[in-house]
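Novice: So that we are looking at the same thing, I have put the structure below in structure tokens.
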Amino acid sequence: MNKNITIQPIQVTRSSMPDFEEYEEEIKELWQTHWLTNMGVKHKKFEEQLLKYLNIQNITLFTNGHLALECAIAALNLTGEVITTPFTFASTTHAIVRNGLEPVFCDINPRDYTIDVEKMESLITKKTSAIIPVHVYGNICNLDGIEKIAKEYNLKVIYDAAHAFGVKVNGVSVASFGDASMFSFHATKVFNTIEGGAVAYTDKNLSKILYNIKNFGITGQESVQYVGGNAKMNEFQAAMGICNLRHIQVEIEKRKAVVARYVERLGNINGIKLAVNQPGVTSNYAYLPVVFDGYKLNRDEVSEQLKSENIFARKYFYPLTNSFECYEGRFNVEKTPVAKYIADRVLTLPLYADLAFEDVDRICDIILNYNRARYHINLDVTASVG
Ligand code: T4K
């Protein structure tokens with residue numbers, strides 16, 4: 001029997017979405033009220049639900065994670081130098097620079113790729129006002145080590161927790177640590193509001209400042225007290241958040257199963273290093289970083305092999321932010337050798353809740369170079385198979 005099959009490209013991730021009817025139901029009332037943005041009822045409801053889900057006291061919503069981070073930096077009045085990591089998405093470094101501050105890059109540790117607390121103290125100067133570490137891939141930074149240094153030198157701590165929504169450390173939400181934590185709710189994240197973000201924080205006085213900074217600094221109809229911008233989350237984003245929050249546990253469980261399948265296939269291969277399980281951390285399985293170090297293929301070769309089979313893994317996070325063209329001549333990438341080493345070898349494999357085990361197996365087969373000929377059927381055109 002002849003059957004037509006089409007092999008769809010597999011991207012590094014795919015947005016989780018509620019059923020169309022569920023979203024339609026959630027946004028229906030917006031057609032009655034015509035209230036679409038500027039902190040409406042959905043915004044309020046979503047904010048309340050997040051406080052409950054994260055079990056925290058304070059949160060402010062934003063139109064995206066990047067502006068959430070920029071506003072958190074502004075609200076905390078940071079000055080001078082900020083210690084941070086170059087092994088991250090462009091956003092972390094840009095948010096510091098766009099606030100007129102100087103990023104000082106600290107190397108990462110080779111275990112979980114988060115900032116290396118052991119190398120941090122030597123970077124502190126009289127100008128240092130804060131540390132902005134990143135829970136990269138949802139791996140949690142050395143919270144105690146960072147807190148200890150921050151206390152000793154009187155530094156603020158803002159976690160870039162863009163990847164860490166839903167993660168717990170010994171049962172406590174990751175949103176509870178530091179002065180503030182920024183979450184991204186971008187379409188590519190474990191939990192999305194299409195675009196979106198939030199800042200969680202400990203000092204409730206920040207609430208008013210963050211609210212004003214994201215709304216032009218307007219404090220009353222005839223009063224503007226801050227030089228604010230526009231970073232408000234709209235009602236459609238909040239409605240998407242309300243829907244997706246209903247399903248987050250199921251989504252995380254599905255991702256966990258996909259990761260387990262990868263680990264089963266790639267976990268014991270010489271030269272292939274998979275993510276570590278951090279003690280006490282309940283993961284959200286945000287990304288699947290794989291480091292190819294001493295494997296028969298290097299990272300770029302694996303990436304090309306997959307690409308030739310219509311599978312699009314990504315080199316998150318290469319290049320390092322301290323080597324971006326826009327910062328040319330400003331930073332020395334050799335000062336963060338571990339970050340450079342990992343960035344040159346890491347590939348994040350496709351991971352999303354509905355990624356089929358057969359697709360995981362196909363990806364692993366390609367990496368392990370099993371039976372390659374089997375997959376040389378037509379890819380993005382319809383192929384006829386017997
Ligand atoms: N801090 C850190 C550490 C971050 O990683 C990020 C963002 C931020 C701060 C800033 O947060 P946001 O302001 O973005 O909220 C993506 C995301 O745009 C970005 O949010 C994310 N980190 C970064 C790591 O990845 P790209 O340019 O690689 O995404 P793109 O468009 O190539 O999409 C990747 C794949 O995702 C696509 O191949 C398919 C899938 N996808 C994408 C979109 C846009 C979907 O399934 N649906 C979609 O709507 O940056």
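Note on naming: chains are A, B, ... as they come in the structure tokens, residues start from 1 per chain, ligands start from 1 in the order shown.
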Mind listing the strand (DSSP E or B) residues of range 120-230 of chain A, per DSSP on the backbone, as a ChimeraX atom specification?
Specialist: /A:128-132,134,156-160,168-169,172-173,180-184,197-201,215,218-220,223-224,230
Novice: Go ahead and save the residues from that selection, with N, CA, C and O atoms, as a tab-separated table (two decimals), in the first residue's frame.
Specialist:
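Saved to again-v2.tsv:
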chain	number	residue	atom	x	y	z
A	128	THR	N	30.98	48.60	42.33
A	128	THR	CA	30.01	47.52	42.13
A	128	THR	C	28.75	47.78	42.95
A	128	THR	O	28.82	48.02	44.16
A	129	SER	N	27.60	47.71	42.28
A	129	SER	CA	26.35	47.93	43.03
A	129	SER	C	25.46	46.69	43.05
A	129	SER	O	24.53	46.62	43.86
A	130	ALA	N	25.73	45.74	42.16
A	130	ALA	CA	24.80	44.59	42.10
A	130	ALA	C	25.41	43.39	41.41
A	130	ALA	O	26.45	43.48	40.74
A	131	ILE	N	24.70	42.28	41.58
A	131	ILE	CA	25.02	41.04	40.85
A	131	ILE	C	23.76	40.68	40.06
A	131	ILE	O	22.66	40.70	40.61
A	132	ILE	N	23.94	40.39	38.77
A	132	ILE	CA	22.80	39.90	37.97
A	132	ILE	C	23.18	38.53	37.41
A	132	ILE	O	23.71	38.42	36.30
A	134	VAL	N	22.26	34.52	36.15
A	134	VAL	CA	21.21	33.94	35.31
A	134	VAL	C	21.02	32.47	35.68
A	134	VAL	O	21.99	31.72	35.74
A	156	LYS	N	23.01	44.56	45.63
A	156	LYS	CA	21.68	44.07	45.27
A	156	LYS	C	21.85	42.83	44.38
A	156	LYS	O	22.86	42.70	43.68
A	157	VAL	N	20.84	41.97	44.39
A	157	VAL	CA	20.86	40.80	43.51
A	157	VAL	C	19.56	40.75	42.72
A	157	VAL	O	18.46	40.72	43.29
A	158	ILE	N	19.70	40.78	41.40
A	158	ILE	CA	18.53	40.57	40.53
A	158	ILE	C	18.81	39.30	39.73
A	158	ILE	O	19.77	39.27	38.94
A	159	TYR	N	18.01	38.29	39.93
A	159	TYR	CA	18.19	37.07	39.13
A	159	TYR	C	17.49	37.21	37.79
A	159	TYR	O	16.32	37.61	37.74
A	160	ASP	N	18.23	36.90	36.72
A	160	ASP	CA	17.58	36.71	35.43
A	160	ASP	C	17.08	35.27	35.46
A	160	ASP	O	17.84	34.31	35.28
A	168	LYS	N	11.50	24.94	41.61
A	168	LYS	CA	11.53	25.09	43.07
A	168	LYS	C	12.87	24.60	43.60
A	168	LYS	O	13.45	23.66	43.04
A	169	VAL	N	13.31	25.23	44.70
A	169	VAL	CA	14.53	24.80	45.36
A	169	VAL	C	14.14	24.38	46.78
A	169	VAL	O	13.64	25.19	47.55
A	172	VAL	N	10.82	25.54	47.66
A	172	VAL	CA	10.56	27.00	47.65
A	172	VAL	C	10.69	27.52	46.23
A	172	VAL	O	11.64	27.19	45.52
A	173	SER	N	9.73	28.35	45.83
A	173	SER	CA	9.77	28.90	44.48
A	173	SER	C	11.04	29.70	44.26
A	173	SER	O	11.47	30.48	45.12
A	180	ALA	N	15.20	40.66	43.57
A	180	ALA	CA	14.17	40.52	42.53
A	180	ALA	C	14.57	39.40	41.57
A	180	ALA	O	15.75	39.04	41.47
A	181	SER	N	13.56	38.86	40.90
A	181	SER	CA	13.79	37.84	39.86
A	181	SER	C	12.93	38.20	38.66
A	181	SER	O	11.75	38.51	38.81
A	182	MET	N	13.54	38.13	37.49
A	182	MET	CA	12.79	38.40	36.26
A	182	MET	C	12.45	37.08	35.56
A	182	MET	O	13.30	36.23	35.40
A	183	PHE	N	11.19	36.96	35.16
A	183	PHE	CA	10.76	35.78	34.39
A	183	PHE	C	10.34	36.22	32.99
A	183	PHE	O	9.74	37.28	32.82
A	184	SER	N	10.66	35.39	32.01
A	184	SER	CA	10.19	35.63	30.65
A	184	SER	C	9.03	34.69	30.36
A	184	SER	O	9.11	33.49	30.66
A	197	GLY	N	6.40	39.02	30.52
A	197	GLY	CA	7.41	38.84	31.55
A	197	GLY	C	6.90	39.35	32.88
A	197	GLY	O	5.80	39.93	32.97
A	198	ALA	N	7.70	39.12	33.92
A	198	ALA	CA	7.30	39.56	35.25
A	198	ALA	C	8.54	39.77	36.11
A	198	ALA	O	9.59	39.17	35.84
A	199	VAL	N	8.38	40.63	37.10
A	199	VAL	CA	9.41	40.76	38.13
A	199	VAL	C	8.77	40.38	39.47
A	199	VAL	O	7.72	40.93	39.83
A	200	ALA	N	9.39	39.44	40.15
A	200	ALA	CA	8.99	39.08	41.51
A	200	ALA	C	10.01	39.71	42.45
A	200	ALA	O	11.19	39.79	42.10
A	201	TYR	N	9.56	40.19	43.63
A	201	TYR	CA	10.50	40.91	44.50
A	201	TYR	C	10.09	40.81	45.95
A	201	TYR	O	8.94	40.51	46.27
A	215	ASN	N	4.62	52.38	33.09
A	215	ASN	CA	3.48	53.16	32.58
A	215	ASN	C	3.83	54.65	32.51
A	215	ASN	O	3.13	55.47	33.09
A	218	ILE	N	3.57	57.77	35.04
A	218	ILE	CA	2.33	58.49	35.38
A	218	ILE	C	1.84	58.04	36.75
A	218	ILE	O	1.63	56.85	37.00
A	219	THR	N	1.67	59.01	37.64
A	219	THR	CA	1.20	58.65	38.98
A	219	THR	C	-0.21	59.18	39.26
A	219	THR	O	-0.80	58.91	40.28
A	220	GLY	N	-0.73	59.97	38.34
A	220	GLY	CA	-2.10	60.48	38.45
A	220	GLY	C	-2.42	61.18	37.15
A	220	GLY	O	-1.51	61.40	36.34
A	223	SER	N	-0.23	64.07	37.02
A	223	SER	CA	1.07	63.97	37.69
A	223	SER	C	1.94	62.87	37.07
A	223	SER	O	1.51	61.72	36.90
A	224	VAL	N	3.18	63.25	36.75
A	224	VAL	CA	4.15	62.29	36.21
A	224	VAL	C	5.42	62.41	37.04
A	224	VAL	O	6.15	63.39	36.95
A	230	ASN	N	7.00	52.48	28.38
A	230	ASN	CA	5.78	51.69	28.23
A	230	ASN	C	6.16	50.22	28.16
A	230	ASN	O	6.77	49.78	27.19
Novice: Sorted by chain and rising residue number, list the residues of chain A at most 8 Å from ligand 1 (counting only C-alpha atoms and all ligand atoms), each with its closest atom pair and distance in Å to one decimal, as CSV.
Specialist:
residue,atom,partner,partner_atom_place_in_ligand_line,distance
A:Gln11,CA,ligand 1,38 (O),4.7
A:Val12,CA,ligand 1,35 (C),5.4
A:Thr13,CA,ligand 1,36 (O),4.7
A:Arg14,CA,ligand 1,46 (O),3.3
A:Ser15,CA,ligand 1,46 (O),4.0
A:Ser16,CA,ligand 1,46 (O),7.7
A:Thr63,CA,ligand 1,15 (O),7.9
A:Asn64,CA,ligand 1,15 (O),4.2
A:Gly65,CA,ligand 1,15 (O),3.4
A:His66,CA,ligand 1,13 (O),3.6
A:Leu67,CA,ligand 1,13 (O),6.5
A:Ala68,CA,ligand 1,13 (O),7.7
A:Leu69,CA,ligand 1,9 (C),7.5
A:Thr88,CA,ligand 1,3 (C),5.1
A:Phe89,CA,ligand 1,5 (O),4.6
A:Ala90,CA,ligand 1,1 (N),7.2
A:Ser91,CA,ligand 1,9 (C),4.7
A:Thr92,CA,ligand 1,1 (N),5.1
A:Val134,CA,ligand 1,3 (C),6.2
A:His135,CA,ligand 1,3 (C),7.5
A:Val136,CA,ligand 1,3 (C),6.2
A:Tyr137,CA,ligand 1,3 (C),7.9
A:Asp160,CA,ligand 1,1 (N),5.8
A:Ala161,CA,ligand 1,3 (C),6.9
A:Ala162,CA,ligand 1,2 (C),4.9
A:His163,CA,ligand 1,3 (C),6.3
A:Met182,CA,ligand 1,9 (C),8.0
A:Phe183,CA,ligand 1,11 (O),7.4
A:Ser184,CA,ligand 1,15 (O),4.1
A:Phe185,CA,ligand 1,15 (O),5.5
A:His186,CA,ligand 1,15 (O),4.5
A:Ala187,CA,ligand 1,49 (O),4.8
A:Thr188,CA,ligand 1,36 (O),4.9
A:Lys189,CA,ligand 1,20 (O),7.0
A:Ile194,CA,ligand 1,49 (O),6.9
A:Glu195,CA,ligand 1,15 (O),6.0
A:Gly196,CA,ligand 1,15 (O),5.5
A:Gly197,CA,ligand 1,15 (O),5.6
A:Phe312,CA,ligand 1,38 (O),7.2
A:Arg314,CA,ligand 1,28 (O),7.5
A:Tyr316,CA,ligand 1,24 (C),6.7
A:Phe317,CA,ligand 1,24 (C),7.8
Novice: Excluding same-chain residues fewer than 3 positions from Asn322 in chain A, what lies within 10 Å of it counting only C-alpha atoms, as a ChimeraX atom specification?
Specialist: /A:85-88,90,93,103-105,319,325-336,340
Novice: Would you export the selected residues with C-alpha atoms as a short mmCIF file (atom, residue, chain, number, x, y, z; two decimals), in the first residue's frame, please?
Specialist:
data_model
loop_
_atom_site.label_atom_id
_atom_site.label_comp_id
_atom_site.auth_asym_id
_atom_site.auth_seq_id
_atom_site.Cartn_x
_atom_site.Cartn_y
_atom_site.Cartn_z
CA THR A 85 27.57 36.26 33.24
CA PRO A 86 28.35 36.31 29.51
CA PHE A 87 26.80 32.84 29.06
CA THR A 88 23.27 34.06 28.45
CA ALA A 90 21.68 39.05 24.60
CA THR A 93 23.84 42.16 29.08
CA PRO A 103 28.72 44.83 33.03
CA VAL A 104 31.67 43.05 34.66
CA PHE A 105 31.76 39.49 33.42
CA PRO A 319 28.49 33.53 20.94
CA GLU A 325 30.07 42.97 17.65
CA CYS A 326 28.22 45.79 19.39
CA TYR A 327 30.66 45.50 22.33
CA GLU A 328 33.81 45.11 20.21
CA GLY A 329 36.95 46.16 22.04
CA ARG A 330 35.09 46.61 25.31
CA PHE A 331 35.40 43.23 27.01
CA ASN A 332 37.93 40.41 26.99
CA VAL A 333 36.40 37.04 26.31
CA GLU A 334 39.61 35.33 27.49
CA LYS A 335 38.71 36.40 31.03
CA THR A 336 35.78 33.98 30.99
CA LYS A 340 34.03 30.29 26.13
#
Novice: Counting only C-alpha atoms, what is within 10 Å of range 287-295 of chain A, bar same-chain residues fewer than 4 positions away, as a PDB file with N, CA, C and O atoms, in the first residue's frame?
Specialist:
ATOM      1  N   VAL A  12      13.793  23.904  17.566  1.00  0.00           N
ATOM      2  CA  VAL A  12      14.338  23.736  18.918  1.00  0.00           C
ATOM      3  C   VAL A  12      13.238  23.698  19.976  1.00  0.00           C
ATOM      4  O   VAL A  12      13.353  23.028  20.997  1.00  0.00           O
ATOM      5  N   THR A  13      12.152  24.422  19.696  1.00  0.00           N
ATOM      6  CA  THR A  13      11.016  24.333  20.602  1.00  0.00           C
ATOM      7  C   THR A  13       9.729  24.652  19.860  1.00  0.00           C
ATOM      8  O   THR A  13       9.752  24.997  18.671  1.00  0.00           O
ATOM      9  N   ASP A 112      27.014  23.325  35.865  1.00  0.00           N
ATOM     10  CA  ASP A 112      25.642  23.684  35.460  1.00  0.00           C
ATOM     11  C   ASP A 112      25.599  24.982  34.655  1.00  0.00           C
ATOM     12  O   ASP A 112      24.523  25.460  34.316  1.00  0.00           O
ATOM     13  N   VAL A 136      20.567  29.879  34.107  1.00  0.00           N
ATOM     14  CA  VAL A 136      20.598  29.544  32.678  1.00  0.00           C
ATOM     15  C   VAL A 136      20.068  28.122  32.422  1.00  0.00           C
ATOM     16  O   VAL A 136      20.400  27.204  33.165  1.00  0.00           O
ATOM     17  N   TYR A 137      19.219  27.979  31.438  1.00  0.00           N
ATOM     18  CA  TYR A 137      18.528  26.725  31.082  1.00  0.00           C
ATOM     19  C   TYR A 137      17.573  26.261  32.198  1.00  0.00           C
ATOM     20  O   TYR A 137      17.119  25.119  32.183  1.00  0.00           O
ATOM     21  N   GLY A 138      17.356  27.108  33.204  1.00  0.00           N
ATOM     22  CA  GLY A 138      16.568  26.672  34.361  1.00  0.00           C
ATOM     23  C   GLY A 138      17.444  26.023  35.431  1.00  0.00           C
ATOM     24  O   GLY A 138      16.947  25.544  36.444  1.00  0.00           O
ATOM     25  N   ASN A 139      18.777  26.007  35.201  1.00  0.00           N
ATOM     26  CA  ASN A 139      19.702  25.538  36.249  1.00  0.00           C
ATOM     27  C   ASN A 139      19.844  26.653  37.275  1.00  0.00           C
ATOM     28  O   ASN A 139      20.056  27.814  36.906  1.00  0.00           O
ATOM     29  N   HIS A 163      14.475  31.631  32.358  1.00  0.00           N
ATOM     30  CA  HIS A 163      14.285  30.209  32.013  1.00  0.00           C
ATOM     31  C   HIS A 163      13.696  29.398  33.160  1.00  0.00           C
ATOM     32  O   HIS A 163      13.519  28.190  32.997  1.00  0.00           O
ATOM     33  N   LYS A 189       9.112  29.829  25.814  1.00  0.00           N
ATOM     34  CA  LYS A 189       9.391  29.403  27.186  1.00  0.00           C
ATOM     35  C   LYS A 189       8.427  28.298  27.648  1.00  0.00           C
ATOM     36  O   LYS A 189       7.374  28.080  27.050  1.00  0.00           O
ATOM     37  N   VAL A 190       8.803  27.651  28.744  1.00  0.00           N
ATOM     38  CA  VAL A 190       7.975  26.584  29.322  1.00  0.00           C
ATOM     39  C   VAL A 190       6.544  27.082  29.528  1.00  0.00           C
ATOM     40  O   VAL A 190       5.572  26.369  29.326  1.00  0.00           O
ATOM     41  N   ARG A 255       7.388  17.419  29.369  1.00  0.00           N
ATOM     42  CA  ARG A 255       8.781  17.770  29.053  1.00  0.00           C
ATOM     43  C   ARG A 255       9.733  16.845  29.796  1.00  0.00           C
ATOM     44  O   ARG A 255      10.759  16.420  29.258  1.00  0.00           O
ATOM     45  N   VAL A 258      10.095  13.692  27.948  1.00  0.00           N
ATOM     46  CA  VAL A 258      10.925  13.851  26.738  1.00  0.00           C
ATOM     47  C   VAL A 258      12.407  13.866  27.136  1.00  0.00           C
ATOM     48  O   VAL A 258      13.239  13.187  26.519  1.00  0.00           O
ATOM     49  N   VAL A 259      12.715  14.617  28.200  1.00  0.00           N
ATOM     50  CA  VAL A 259      14.107  14.689  28.652  1.00  0.00           C
ATOM     51  C   VAL A 259      14.590  13.298  29.080  1.00  0.00           C
ATOM     52  O   VAL A 259      15.713  12.885  28.757  1.00  0.00           O
ATOM     53  N   TYR A 262      15.649  11.367  26.107  1.00  0.00           N
ATOM     54  CA  TYR A 262      16.974  11.799  25.632  1.00  0.00           C
ATOM     55  C   TYR A 262      18.073  11.198  26.521  1.00  0.00           C
ATOM     56  O   TYR A 262      19.089  10.716  26.027  1.00  0.00           O
ATOM     57  N   VAL A 263      17.845  11.263  27.825  1.00  0.00           N
ATOM     58  CA  VAL A 263      18.877  10.790  28.757  1.00  0.00           C
ATOM     59  C   VAL A 263      19.111   9.293  28.559  1.00  0.00           C
ATOM     60  O   VAL A 263      20.243   8.805  28.564  1.00  0.00           O
ATOM     61  N   LEU A 266      21.142   9.138  25.235  1.00  0.00           N
ATOM     62  CA  LEU A 266      22.442   9.822  25.103  1.00  0.00           C
ATOM     63  C   LEU A 266      23.226   9.888  26.410  1.00  0.00           C
ATOM     64  O   LEU A 266      24.362  10.361  26.432  1.00  0.00           O
ATOM     65  N   ILE A 269      27.022   8.152  26.779  1.00  0.00           N
ATOM     66  CA  ILE A 269      27.884   8.149  25.602  1.00  0.00           C
ATOM     67  C   ILE A 269      29.116   9.006  25.879  1.00  0.00           C
ATOM     68  O   ILE A 269      28.980  10.170  26.283  1.00  0.00           O
ATOM     69  N   ASN A 270      30.295   8.416  25.652  1.00  0.00           N
ATOM     70  CA  ASN A 270      31.540   9.167  25.858  1.00  0.00           C
ATOM     71  C   ASN A 270      31.565  10.412  24.986  1.00  0.00           C
ATOM     72  O   ASN A 270      31.265  10.336  23.799  1.00  0.00           O
ATOM     73  N   GLY A 271      31.907  11.542  25.591  1.00  0.00           N
ATOM     74  CA  GLY A 271      32.039  12.775  24.810  1.00  0.00           C
ATOM     75  C   GLY A 271      30.743  13.557  24.691  1.00  0.00           C
ATOM     76  O   GLY A 271      30.715  14.621  24.094  1.00  0.00           O
ATOM     77  N   ILE A 272      29.645  13.001  25.263  1.00  0.00           N
ATOM     78  CA  ILE A 272      28.370  13.732  25.251  1.00  0.00           C
ATOM     79  C   ILE A 272      27.979  14.007  26.696  1.00  0.00           C
ATOM     80  O   ILE A 272      27.788  13.079  27.479  1.00  0.00           O
ATOM     81  N   LYS A 273      27.868  15.299  27.029  1.00  0.00           N
ATOM     82  CA  LYS A 273      27.504  15.639  28.414  1.00  0.00           C
ATOM     83  C   LYS A 273      26.113  16.259  28.446  1.00  0.00           C
ATOM     84  O   LYS A 273      25.854  17.269  27.790  1.00  0.00           O
ATOM     85  N   LEU A 274      25.244  15.625  29.209  1.00  0.00           N
ATOM     86  CA  LEU A 274      23.873  16.142  29.347  1.00  0.00           C
ATOM     87  C   LEU A 274      23.755  16.953  30.635  1.00  0.00           C
ATOM     88  O   LEU A 274      24.647  16.943  31.472  1.00  0.00           O
ATOM     89  N   ALA A 275      22.611  17.623  30.772  1.00  0.00           N
ATOM     90  CA  ALA A 275      22.381  18.451  31.962  1.00  0.00           C
ATOM     91  C   ALA A 275      22.444  17.609  33.231  1.00  0.00           C
ATOM     92  O   ALA A 275      22.117  16.427  33.218  1.00  0.00           O
ATOM     93  N   ARG A 299      30.428  19.919  17.955  1.00  0.00           N
ATOM     94  CA  ARG A 299      29.108  20.529  18.059  1.00  0.00           C
ATOM     95  C   ARG A 299      28.587  21.011  16.706  1.00  0.00           C
ATOM     96  O   ARG A 299      27.431  20.770  16.342  1.00  0.00           O
ATOM     97  N   ASP A 300      29.473  21.669  15.950  1.00  0.00           N
ATOM     98  CA  ASP A 300      29.018  22.218  14.671  1.00  0.00           C
ATOM     99  C   ASP A 300      28.663  21.094  13.694  1.00  0.00           C
ATOM    100  O   ASP A 300      27.709  21.222  12.917  1.00  0.00           O
ATOM    101  N   VAL A 302      27.516  18.113  14.515  1.00  0.00           N
ATOM    102  CA  VAL A 302      26.221  17.557  14.945  1.00  0.00           C
ATOM    103  C   VAL A 302      25.094  18.483  14.477  1.00  0.00           C
ATOM    104  O   VAL A 302      24.085  18.034  13.917  1.00  0.00           O
ATOM    105  N   ALA A 313      18.352  22.255  15.889  1.00  0.00           N
ATOM    106  CA  ALA A 313      18.843  22.520  17.247  1.00  0.00           C
ATOM    107  C   ALA A 313      19.430  23.935  17.237  1.00  0.00           C
ATOM    108  O   ALA A 313      19.608  24.522  16.178  1.00  0.00           O
ATOM    109  N   ARG A 314      19.720  24.493  18.410  1.00  0.00           N
ATOM    110  CA  ARG A 314      20.273  25.851  18.445  1.00  0.00           C
ATOM    111  C   ARG A 314      21.507  25.911  19.333  1.00  0.00           C
ATOM    112  O   ARG A 314      21.627  25.144  20.300  1.00  0.00           O
ATOM    113  N   LYS A 315      22.386  26.874  19.007  1.00  0.00           N
ATOM    114  CA  LYS A 315      23.623  27.017  19.796  1.00  0.00           C
ATOM    115  C   LYS A 315      23.393  28.023  20.923  1.00  0.00           C
ATOM    116  O   LYS A 315      24.122  29.016  21.041  1.00  0.00           O
ATOM    117  N   TYR A 316      22.359  27.820  21.719  1.00  0.00           N
ATOM    118  CA  TYR A 316      22.194  28.681  22.896  1.00  0.00           C
ATOM    119  C   TYR A 316      23.256  28.261  23.911  1.00  0.00           C
ATOM    120  O   TYR A 316      23.250  27.087  24.314  1.00  0.00           O
ATOM    121  N   PHE A 317      24.210  29.067  24.361  1.00  0.00           N
ATOM    122  CA  PHE A 317      24.374  30.483  24.143  1.00  0.00           C
ATOM    123  C   PHE A 317      25.748  30.770  23.545  1.00  0.00           C
ATOM    124  O   PHE A 317      26.699  31.020  24.264  1.00  0.00           O
ATOM    125  N   TYR A 341      34.653  28.004  26.595  1.00  0.00           N
ATOM    126  CA  TYR A 341      34.793  26.571  26.309  1.00  0.00           C
ATOM    127  C   TYR A 341      33.415  25.925  26.096  1.00  0.00           C
ATOM    128  O   TYR A 341      33.187  25.200  25.133  1.00  0.00           O
ATOM    129  N   ILE A 342      32.502  26.244  26.994  1.00  0.00           N
ATOM    130  CA  ILE A 342      31.160  25.640  26.895  1.00  0.00           C
ATOM    131  C   ILE A 342      30.415  26.208  25.683  1.00  0.00           C
ATOM    132  O   ILE A 342      29.802  25.459  24.910  1.00  0.00           O
ATOM    133  N   ALA A 343      30.495  27.524  25.482  1.00  0.00           N
ATOM    134  CA  ALA A 343      29.777  28.152  24.356  1.00  0.00           C
ATOM    135  C   ALA A 343      30.212  27.561  23.017  1.00  0.00           C
ATOM    136  O   ALA A 343      29.419  27.469  22.079  1.00  0.00           O
ATOM    137  N   ASP A 344      31.481  27.146  22.946  1.00  0.00           N
ATOM    138  CA  ASP A 344      32.001  26.570  21.696  1.00  0.00           C
ATOM    139  C   ASP A 344      31.551  25.124  21.480  1.00  0.00           C
ATOM    140  O   ASP A 344      31.777  24.560  20.412  1.00  0.00           O
ATOM    141  N   ARG A 345      30.983  24.517  22.506  1.00  0.00           N
ATOM    142  CA  ARG A 345      30.679  23.084  22.413  1.00  0.00           C
ATOM    143  C   ARG A 345      29.216  22.718  22.652  1.00  0.00           C
ATOM    144  O   ARG A 345      28.825  21.563  22.535  1.00  0.00           O
ATOM    145  N   VAL A 346      28.423  23.704  23.031  1.00  0.00           N
ATOM    146  CA  VAL A 346      27.060  23.370  23.457  1.00  0.00           C
ATOM    147  C   VAL A 346      26.052  23.484  22.313  1.00  0.00           C
ATOM    148  O   VAL A 346      26.157  24.341  21.442  1.00  0.00           O
ATOM    149  N   LEU A 347      25.103  22.569  22.360  1.00  0.00           N
ATOM    150  CA  LEU A 347      23.990  22.600  21.404  1.00  0.00           C
ATOM    151  C   LEU A 347      22.729  22.290  22.205  1.00  0.00           C
ATOM    152  O   LEU A 347      22.711  21.336  22.987  1.00  0.00           O
ATOM    153  N   THR A 348      21.691  23.105  22.037  1.00  0.00           N
ATOM    154  CA  THR A 348      20.437  22.781  22.737  1.00  0.00           C
ATOM    155  C   THR A 348      19.537  22.031  21.760  1.00  0.00           C
ATOM    156  O   THR A 348      19.219  22.532  20.682  1.00  0.00           O
ATOM    157  N   LEU A 349      19.182  20.834  22.160  1.00  0.00           N
ATOM    158  CA  LEU A 349      18.396  19.953  21.284  1.00  0.00           C
ATOM    159  C   LEU A 349      16.910  20.305  21.382  1.00  0.00           C
ATOM    160  O   LEU A 349      16.469  20.885  22.387  1.00  0.00           O
ATOM    161  N   PRO A 350      16.138  19.932  20.360  1.00  0.00           N
ATOM    162  CA  PRO A 350      14.690  20.224  20.400  1.00  0.00           C
ATOM    163  C   PRO A 350      14.039  19.674  21.668  1.00  0.00           C
ATOM    164  O   PRO A 350      14.314  18.530  22.071  1.00  0.00           O
ATOM    165  N   LEU A 351      13.220  20.490  22.272  1.00  0.00           N
ATOM    166  CA  LEU A 351      12.503  20.081  23.483  1.00  0.00           C
ATOM    167  C   LEU A 351      11.213  20.871  23.604  1.00  0.00           C
ATOM    168  O   LEU A 351      11.243  22.100  23.659  1.00  0.00           O
ATOM    169  N   TYR A 352      10.111  20.151  23.601  1.00  0.00           N
ATOM    170  CA  TYR A 352       8.814  20.754  23.918  1.00  0.00           C
ATOM    171  C   TYR A 352       7.866  19.645  24.353  1.00  0.00           C
ATOM    172  O   TYR A 352       8.141  18.444  24.131  1.00  0.00           O
ATOM    173  N   LEU A 368      23.953   9.769  17.014  1.00  0.00           N
ATOM    174  CA  LEU A 368      24.782   8.581  17.254  1.00  0.00           C
ATOM    175  C   LEU A 368      25.202   7.916  15.941  1.00  0.00           C
ATOM    176  O   LEU A 368      25.912   6.927  15.948  1.00  0.00           O
TER     177      LEU A 368
END
